[in-house]
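Here is the structure we will look at.
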Amino acid sequence: CSQVLSQSFMAVDKGKAVATIVVGSKMEASELHAARELQKYFQIMTGAILPISSADDPALKEAVSLILIGRAETNEMIRALGSKGLIRLSADYPVMDGFIVKTVKDANVSYLICGGSTPIGSLYAVYALLEDFCGVGFFEDGDRVPQKKSLDFQDINIAEKPYFPIRQYPQGCALWYT
């Protein structure tokens, strides 16, 4: 029996990693990149290195704090939470390159989900978490990464979709880069 309890999530406690980043066994390249970006910025912020694991790793059965990255189609843990009604994430919601960032507790496991409607949406979810909840700034002249001893997230529940159907940044040259 599943139940929703408090939706707080501890990733790093006093410089020690207490969570594992989980990608699906059918992950796409941008989802693995999202996991590595999250790992990199969490390490810069706290000094702690969160391990990255596959959702089919049997060792995760003992875990109590998991950061899930991906989509229901590629990450079986995200699919399972969706089938229990704890999260809503599909190609139809939040649509296009949309994403969710959500904390959920199911039984004795706390989850932080960074998922997208598309593979790139999962990467956008990670960057939204870093910017909106960790204070990381991404600027043309470099990143601003605050130093923290702990990373504790409380009651996150966001779903966003892009305002425009195509995300491009024109750089003043003949070709535009996405």
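Chain labels run A, B, ... following the order of the structure tokens; each chain numbers its residues from 1, and ligands are numbered from 1 in the order shown.
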Write out as JSON lines a residue-level contact list of range 61-98 of chain A versus range 135-157 of chain A with cut-off 12 Å: for each qualifying residue the closest pair of atoms and the distance in Å to one decimal, counting only C-alpha atoms, rows sorted by chain and residue number upward.
{"residue": "A:Ser65", "atom": "CA", "partner": "A:Asp152", "partner_atom": "CA", "distance": 11.2}
{"residue": "A:Ile67", "atom": "CA", "partner": "A:Phe153", "partner_atom": "CA", "distance": 11.5}
{"residue": "A:Leu86", "atom": "CA", "partner": "A:Asn157", "partner_atom": "CA", "distance": 11.2}
{"residue": "A:Ile87", "atom": "CA", "partner": "A:Asn157", "partner_atom": "CA", "distance": 9.5}
{"residue": "A:Arg88", "atom": "CA", "partner": "A:Asn157", "partner_atom": "CA", "distance": 10.7}
Generate a file of the selected residues that holds all heavy atoms, formatted as a tab-separated table (two decimals), in the first residue's frame.
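That gives us result-v3.tsv:
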chain	number	residue	atom	x	y	z
A	65	SER	N	16.56	7.73	-0.27
A	65	SER	CA	16.49	9.03	-0.94
A	65	SER	C	16.99	8.88	-2.37
A	65	SER	O	18.17	8.61	-2.59
A	65	SER	CB	17.36	10.08	-0.21
A	65	SER	OG	16.84	10.35	1.07
A	67	ILE	N	16.92	10.54	-6.42
A	67	ILE	CA	16.62	11.60	-7.37
A	67	ILE	C	16.40	10.91	-8.72
A	67	ILE	O	17.33	10.33	-9.28
A	67	ILE	CB	17.77	12.62	-7.48
A	67	ILE	CG1	18.04	13.25	-6.11
A	67	ILE	CG2	17.44	13.68	-8.53
A	67	ILE	CD1	19.29	14.11	-6.05
A	86	LEU	N	1.10	9.21	-7.97
A	86	LEU	CA	1.88	10.14	-7.16
A	86	LEU	C	2.48	11.27	-7.97
A	86	LEU	O	2.82	12.33	-7.43
A	86	LEU	CB	2.98	9.39	-6.40
A	86	LEU	CG	2.47	8.37	-5.38
A	86	LEU	CD1	3.62	7.59	-4.79
A	86	LEU	CD2	1.68	9.07	-4.29
A	87	ILE	N	2.67	11.04	-9.27
A	87	ILE	CA	3.14	12.10	-10.16
A	87	ILE	C	2.37	12.02	-11.47
A	87	ILE	O	1.80	10.97	-11.79
A	87	ILE	CB	4.67	12.01	-10.45
A	87	ILE	CG1	5.01	10.70	-11.18
A	87	ILE	CG2	5.47	12.19	-9.19
A	87	ILE	CD1	6.42	10.66	-11.73
A	88	ARG	N	2.38	13.13	-12.18
A	88	ARG	CA	1.80	13.16	-13.51
A	88	ARG	C	2.88	13.63	-14.47
A	88	ARG	O	3.38	14.75	-14.34
A	88	ARG	CB	0.61	14.11	-13.55
A	88	ARG	CG	-0.07	14.15	-14.90
A	88	ARG	CD	-1.31	15.01	-14.87
A	88	ARG	NE	-1.84	15.12	-16.23
A	88	ARG	CZ	-2.56	16.12	-16.65
A	88	ARG	NH1	-2.88	17.10	-15.82
A	88	ARG	NH2	-2.97	16.16	-17.88
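Between Ser30 in chain A and the residues A:Val101, A:Ala11, A:Ala91, A:Ile69, the shortest atom-to-atom distance, using only C-alpha atoms, involves A:Ile69.
With only C-alpha atoms taken into account, the protein and nucleic acid residues at most 8 Å from Arg36 in chain A (excluding it and anything under 4 positions from it in its own chain) are Leu32, Lys40 and Ile52 of chain A.
Shortest atom-to-atom contact with Asp92 in chain A among A:Val64, A:Ile44, A:Ala72, A:Ala29: A:Ala72, counting only C-alpha atoms.
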Strand (DSSP E) call set, DSSP backbone run, range 6-120 of chain A, as a PyMOL selection string: chain A and resi 8-13+16-17+20-23+52-54+65-70+99-106+109-116
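Proximity ranking of A:Ala55, A:Met77, A:Val109, A:Leu38 relative to Tyr127 in chain A places A:Leu38 first, based on only C-alpha atoms.
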Ala59 in chain A environment, 12 Å, only C-alpha atoms, sequence neighbours closer than 5 positions dropped, as number ranges by chain: A: 20, 22, 53-54, 64, 66
Let's see if you can do this: from backbone DSSP, list all helix (DSSP H, G or I) residues in range 20-173 of chain A, as a PDB file with N, CA and C atoms, in the first residue's frame.
ATOM      1  N   ALA A  29      20.550   9.951 -24.186  1.00  0.00           N
ATOM      2  CA  ALA A  29      21.791  10.685 -23.911  1.00  0.00           C
ATOM      3  C   ALA A  29      21.544  11.962 -23.113  1.00  0.00           C
ATOM      4  N   SER A  30      20.491  12.715 -23.440  1.00  0.00           N
ATOM      5  CA  SER A  30      20.249  13.969 -22.719  1.00  0.00           C
ATOM      6  C   SER A  30      19.839  13.717 -21.270  1.00  0.00           C
ATOM      7  N   GLU A  31      19.236  12.560 -20.986  1.00  0.00           N
ATOM      8  CA  GLU A  31      18.871  12.232 -19.609  1.00  0.00           C
ATOM      9  C   GLU A  31      20.112  11.878 -18.792  1.00  0.00           C
ATOM     10  N   LEU A  32      21.048  11.160 -19.383  1.00  0.00           N
ATOM     11  CA  LEU A  32      22.311  10.889 -18.705  1.00  0.00           C
ATOM     12  C   LEU A  32      23.084  12.187 -18.506  1.00  0.00           C
ATOM     13  N   HIS A  33      23.070  13.055 -19.508  1.00  0.00           N
ATOM     14  CA  HIS A  33      23.723  14.356 -19.370  1.00  0.00           C
ATOM     15  C   HIS A  33      23.098  15.151 -18.220  1.00  0.00           C
ATOM     16  N   ALA A  34      21.775  15.102 -18.099  1.00  0.00           N
ATOM     17  CA  ALA A  34      21.082  15.792 -17.001  1.00  0.00           C
ATOM     18  C   ALA A  34      21.559  15.264 -15.652  1.00  0.00           C
ATOM     19  N   ALA A  35      21.692  13.949 -15.529  1.00  0.00           N
ATOM     20  CA  ALA A  35      22.159  13.344 -14.280  1.00  0.00           C
ATOM     21  C   ALA A  35      23.582  13.797 -13.957  1.00  0.00           C
ATOM     22  N   ARG A  36      24.433  13.825 -14.972  1.00  0.00           N
ATOM     23  CA  ARG A  36      25.821  14.247 -14.753  1.00  0.00           C
ATOM     24  C   ARG A  36      25.921  15.732 -14.402  1.00  0.00           C
ATOM     25  N   GLU A  37      25.075  16.545 -15.014  1.00  0.00           N
ATOM     26  CA  GLU A  37      25.057  17.973 -14.672  1.00  0.00           C
ATOM     27  C   GLU A  37      24.636  18.162 -13.219  1.00  0.00           C
ATOM     28  N   LEU A  38      23.596  17.458 -12.791  1.00  0.00           N
ATOM     29  CA  LEU A  38      23.148  17.568 -11.404  1.00  0.00           C
ATOM     30  C   LEU A  38      24.249  17.112 -10.455  1.00  0.00           C
ATOM     31  N   GLN A  39      24.876  16.002 -10.757  1.00  0.00           N
ATOM     32  CA  GLN A  39      25.971  15.504  -9.934  1.00  0.00           C
ATOM     33  C   GLN A  39      27.097  16.540  -9.844  1.00  0.00           C
ATOM     34  N   LYS A  40      27.457  17.121 -10.991  1.00  0.00           N
ATOM     35  CA  LYS A  40      28.546  18.103 -11.042  1.00  0.00           C
ATOM     36  C   LYS A  40      28.241  19.335 -10.196  1.00  0.00           C
ATOM     37  N   TYR A  41      27.056  19.908 -10.361  1.00  0.00           N
ATOM     38  CA  TYR A  41      26.734  21.129  -9.618  1.00  0.00           C
ATOM     39  C   TYR A  41      26.517  20.867  -8.138  1.00  0.00           C
ATOM     40  N   PHE A  42      25.948  19.727  -7.771  1.00  0.00           N
ATOM     41  CA  PHE A  42      25.825  19.389  -6.351  1.00  0.00           C
ATOM     42  C   PHE A  42      27.214  19.249  -5.731  1.00  0.00           C
ATOM     43  N   GLN A  43      28.164  18.661  -6.469  1.00  0.00           N
ATOM     44  CA  GLN A  43      29.523  18.527  -5.945  1.00  0.00           C
ATOM     45  C   GLN A  43      30.188  19.891  -5.787  1.00  0.00           C
ATOM     46  N   ILE A  44      30.028  20.778  -6.769  1.00  0.00           N
ATOM     47  CA  ILE A  44      30.605  22.121  -6.666  1.00  0.00           C
ATOM     48  C   ILE A  44      30.018  22.854  -5.460  1.00  0.00           C
ATOM     49  N   MET A  45      28.715  22.705  -5.244  1.00  0.00           N
ATOM     50  CA  MET A  45      28.050  23.397  -4.128  1.00  0.00           C
ATOM     51  C   MET A  45      28.466  22.865  -2.766  1.00  0.00           C
ATOM     52  N   THR A  46      28.523  21.525  -2.637  1.00  0.00           N
ATOM     53  CA  THR A  46      28.657  20.926  -1.307  1.00  0.00           C
ATOM     54  C   THR A  46      29.932  20.126  -1.083  1.00  0.00           C
ATOM     55  N   PRO A  58      19.779  -3.530  -8.362  1.00  0.00           N
ATOM     56  CA  PRO A  58      19.147  -4.136  -7.182  1.00  0.00           C
ATOM     57  C   PRO A  58      19.534  -3.459  -5.866  1.00  0.00           C
ATOM     58  N   ALA A  59      20.687  -2.811  -5.817  1.00  0.00           N
ATOM     59  CA  ALA A  59      21.126  -2.141  -4.586  1.00  0.00           C
ATOM     60  C   ALA A  59      20.187  -0.992  -4.197  1.00  0.00           C
ATOM     61  N   LEU A  60      19.417  -0.470  -5.139  1.00  0.00           N
ATOM     62  CA  LEU A  60      18.513   0.642  -4.840  1.00  0.00           C
ATOM     63  C   LEU A  60      17.336   0.229  -3.972  1.00  0.00           C
ATOM     64  N   LYS A  61      17.096  -1.069  -3.811  1.00  0.00           N
ATOM     65  CA  LYS A  61      15.991  -1.525  -2.964  1.00  0.00           C
ATOM     66  C   LYS A  61      16.181  -1.098  -1.515  1.00  0.00           C
ATOM     67  N   GLU A  62      17.420  -0.825  -1.108  1.00  0.00           N
ATOM     68  CA  GLU A  62      17.732  -0.395   0.260  1.00  0.00           C
ATOM     69  C   GLU A  62      17.776   1.127   0.400  1.00  0.00           C
ATOM     70  N   GLU A  76      11.880   3.365 -15.272  1.00  0.00           N
ATOM     71  CA  GLU A  76      10.816   2.541 -14.701  1.00  0.00           C
ATOM     72  C   GLU A  76      10.341   2.996 -13.330  1.00  0.00           C
ATOM     73  N   MET A  77      11.195   3.678 -12.560  1.00  0.00           N
ATOM     74  CA  MET A  77      10.768   4.200 -11.255  1.00  0.00           C
ATOM     75  C   MET A  77       9.790   5.361 -11.426  1.00  0.00           C
ATOM     76  N   ILE A  78      10.042   6.203 -12.418  1.00  0.00           N
ATOM     77  CA  ILE A  78       9.106   7.291 -12.709  1.00  0.00           C
ATOM     78  C   ILE A  78       7.778   6.709 -13.183  1.00  0.00           C
ATOM     79  N   ARG A  79       7.855   5.705 -14.025  1.00  0.00           N
ATOM     80  CA  ARG A  79       6.633   5.050 -14.515  1.00  0.00           C
ATOM     81  C   ARG A  79       5.832   4.470 -13.341  1.00  0.00           C
ATOM     82  N   ALA A  80       6.511   3.828 -12.389  1.00  0.00           N
ATOM     83  CA  ALA A  80       5.835   3.225 -11.235  1.00  0.00           C
ATOM     84  C   ALA A  80       5.152   4.289 -10.365  1.00  0.00           C
ATOM     85  N   LEU A  81       5.822   5.412 -10.126  1.00  0.00           N
ATOM     86  CA  LEU A  81       5.200   6.485  -9.338  1.00  0.00           C
ATOM     87  C   LEU A  81       3.995   7.063 -10.062  1.00  0.00           C
ATOM     88  N   GLY A  82       4.083   7.155 -11.389  1.00  0.00           N
ATOM     89  CA  GLY A  82       2.950   7.634 -12.180  1.00  0.00           C
ATOM     90  C   GLY A  82       1.768   6.683 -12.113  1.00  0.00           C
ATOM     91  N   SER A  83       2.042   5.386 -12.163  1.00  0.00           N
ATOM     92  CA  SER A  83       0.948   4.409 -12.116  1.00  0.00           C
ATOM     93  C   SER A  83       0.272   4.383 -10.746  1.00  0.00           C
ATOM     94  N   PRO A 119      13.027  13.996 -23.884  1.00  0.00           N
ATOM     95  CA  PRO A 119      14.336  13.812 -23.251  1.00  0.00           C
ATOM     96  C   PRO A 119      14.991  15.136 -22.837  1.00  0.00           C
ATOM     97  N   ILE A 120      14.908  16.155 -23.678  1.00  0.00           N
ATOM     98  CA  ILE A 120      15.517  17.440 -23.324  1.00  0.00           C
ATOM     99  C   ILE A 120      14.757  18.111 -22.182  1.00  0.00           C
ATOM    100  N   GLY A 121      13.473  17.807 -22.036  1.00  0.00           N
ATOM    101  CA  GLY A 121      12.692  18.334 -20.920  1.00  0.00           C
ATOM    102  C   GLY A 121      13.269  17.922 -19.575  1.00  0.00           C
ATOM    103  N   SER A 122      13.840  16.724 -19.503  1.00  0.00           N
ATOM    104  CA  SER A 122      14.469  16.270 -18.258  1.00  0.00           C
ATOM    105  C   SER A 122      15.687  17.122 -17.915  1.00  0.00           C
ATOM    106  N   LEU A 123      16.428  17.530 -18.929  1.00  0.00           N
ATOM    107  CA  LEU A 123      17.568  18.420 -18.711  1.00  0.00           C
ATOM    108  C   LEU A 123      17.088  19.786 -18.228  1.00  0.00           C
ATOM    109  N   TYR A 124      16.010  20.292 -18.831  1.00  0.00           N
ATOM    110  CA  TYR A 124      15.435  21.560 -18.370  1.00  0.00           C
ATOM    111  C   TYR A 124      14.979  21.447 -16.917  1.00  0.00           C
ATOM    112  N   ALA A 125      14.462  20.296 -16.517  1.00  0.00           N
ATOM    113  CA  ALA A 125      14.026  20.101 -15.129  1.00  0.00           C
ATOM    114  C   ALA A 125      15.196  20.228 -14.166  1.00  0.00           C
ATOM    115  N   VAL A 126      16.337  19.632 -14.525  1.00  0.00           N
ATOM    116  CA  VAL A 126      17.523  19.720 -13.674  1.00  0.00           C
ATOM    117  C   VAL A 126      17.989  21.169 -13.559  1.00  0.00           C
ATOM    118  N   TYR A 127      18.032  21.886 -14.677  1.00  0.00           N
ATOM    119  CA  TYR A 127      18.459  23.283 -14.619  1.00  0.00           C
ATOM    120  C   TYR A 127      17.469  24.136 -13.824  1.00  0.00           C
ATOM    121  N   ALA A 128      16.186  23.847 -13.910  1.00  0.00           N
ATOM    122  CA  ALA A 128      15.191  24.582 -13.106  1.00  0.00           C
ATOM    123  C   ALA A 128      15.421  24.321 -11.617  1.00  0.00           C
ATOM    124  N   LEU A 129      15.703  23.078 -11.250  1.00  0.00           N
ATOM    125  CA  LEU A 129      16.003  22.760  -9.852  1.00  0.00           C
ATOM    126  C   LEU A 129      17.226  23.536  -9.379  1.00  0.00           C
ATOM    127  N   LEU A 130      18.277  23.518 -10.201  1.00  0.00           N
ATOM    128  CA  LEU A 130      19.512  24.208  -9.821  1.00  0.00           C
ATOM    129  C   LEU A 130      19.304  25.707  -9.685  1.00  0.00           C
ATOM    130  N   GLU A 131      18.573  26.316 -10.614  1.00  0.00           N
ATOM    131  CA  GLU A 131      18.348  27.761 -10.570  1.00  0.00           C
ATOM    132  C   GLU A 131      17.365  28.163  -9.483  1.00  0.00           C
ATOM    133  N   ASP A 132      16.193  27.543  -9.489  1.00  0.00           N
ATOM    134  CA  ASP A 132      15.096  27.995  -8.634  1.00  0.00           C
ATOM    135  C   ASP A 132      15.210  27.553  -7.187  1.00  0.00           C
ATOM    136  N   PHE A 133      15.851  26.421  -6.918  1.00  0.00           N
ATOM    137  CA  PHE A 133      15.874  25.891  -5.561  1.00  0.00           C
ATOM    138  C   PHE A 133      17.269  25.794  -4.949  1.00  0.00           C
ATOM    139  N   CYS A 134      18.316  25.955  -5.768  1.00  0.00           N
ATOM    140  CA  CYS A 134      19.685  25.893  -5.263  1.00  0.00           C
ATOM    141  C   CYS A 134      20.412  27.230  -5.389  1.00  0.00           C
TER     142      CYS A 134
END
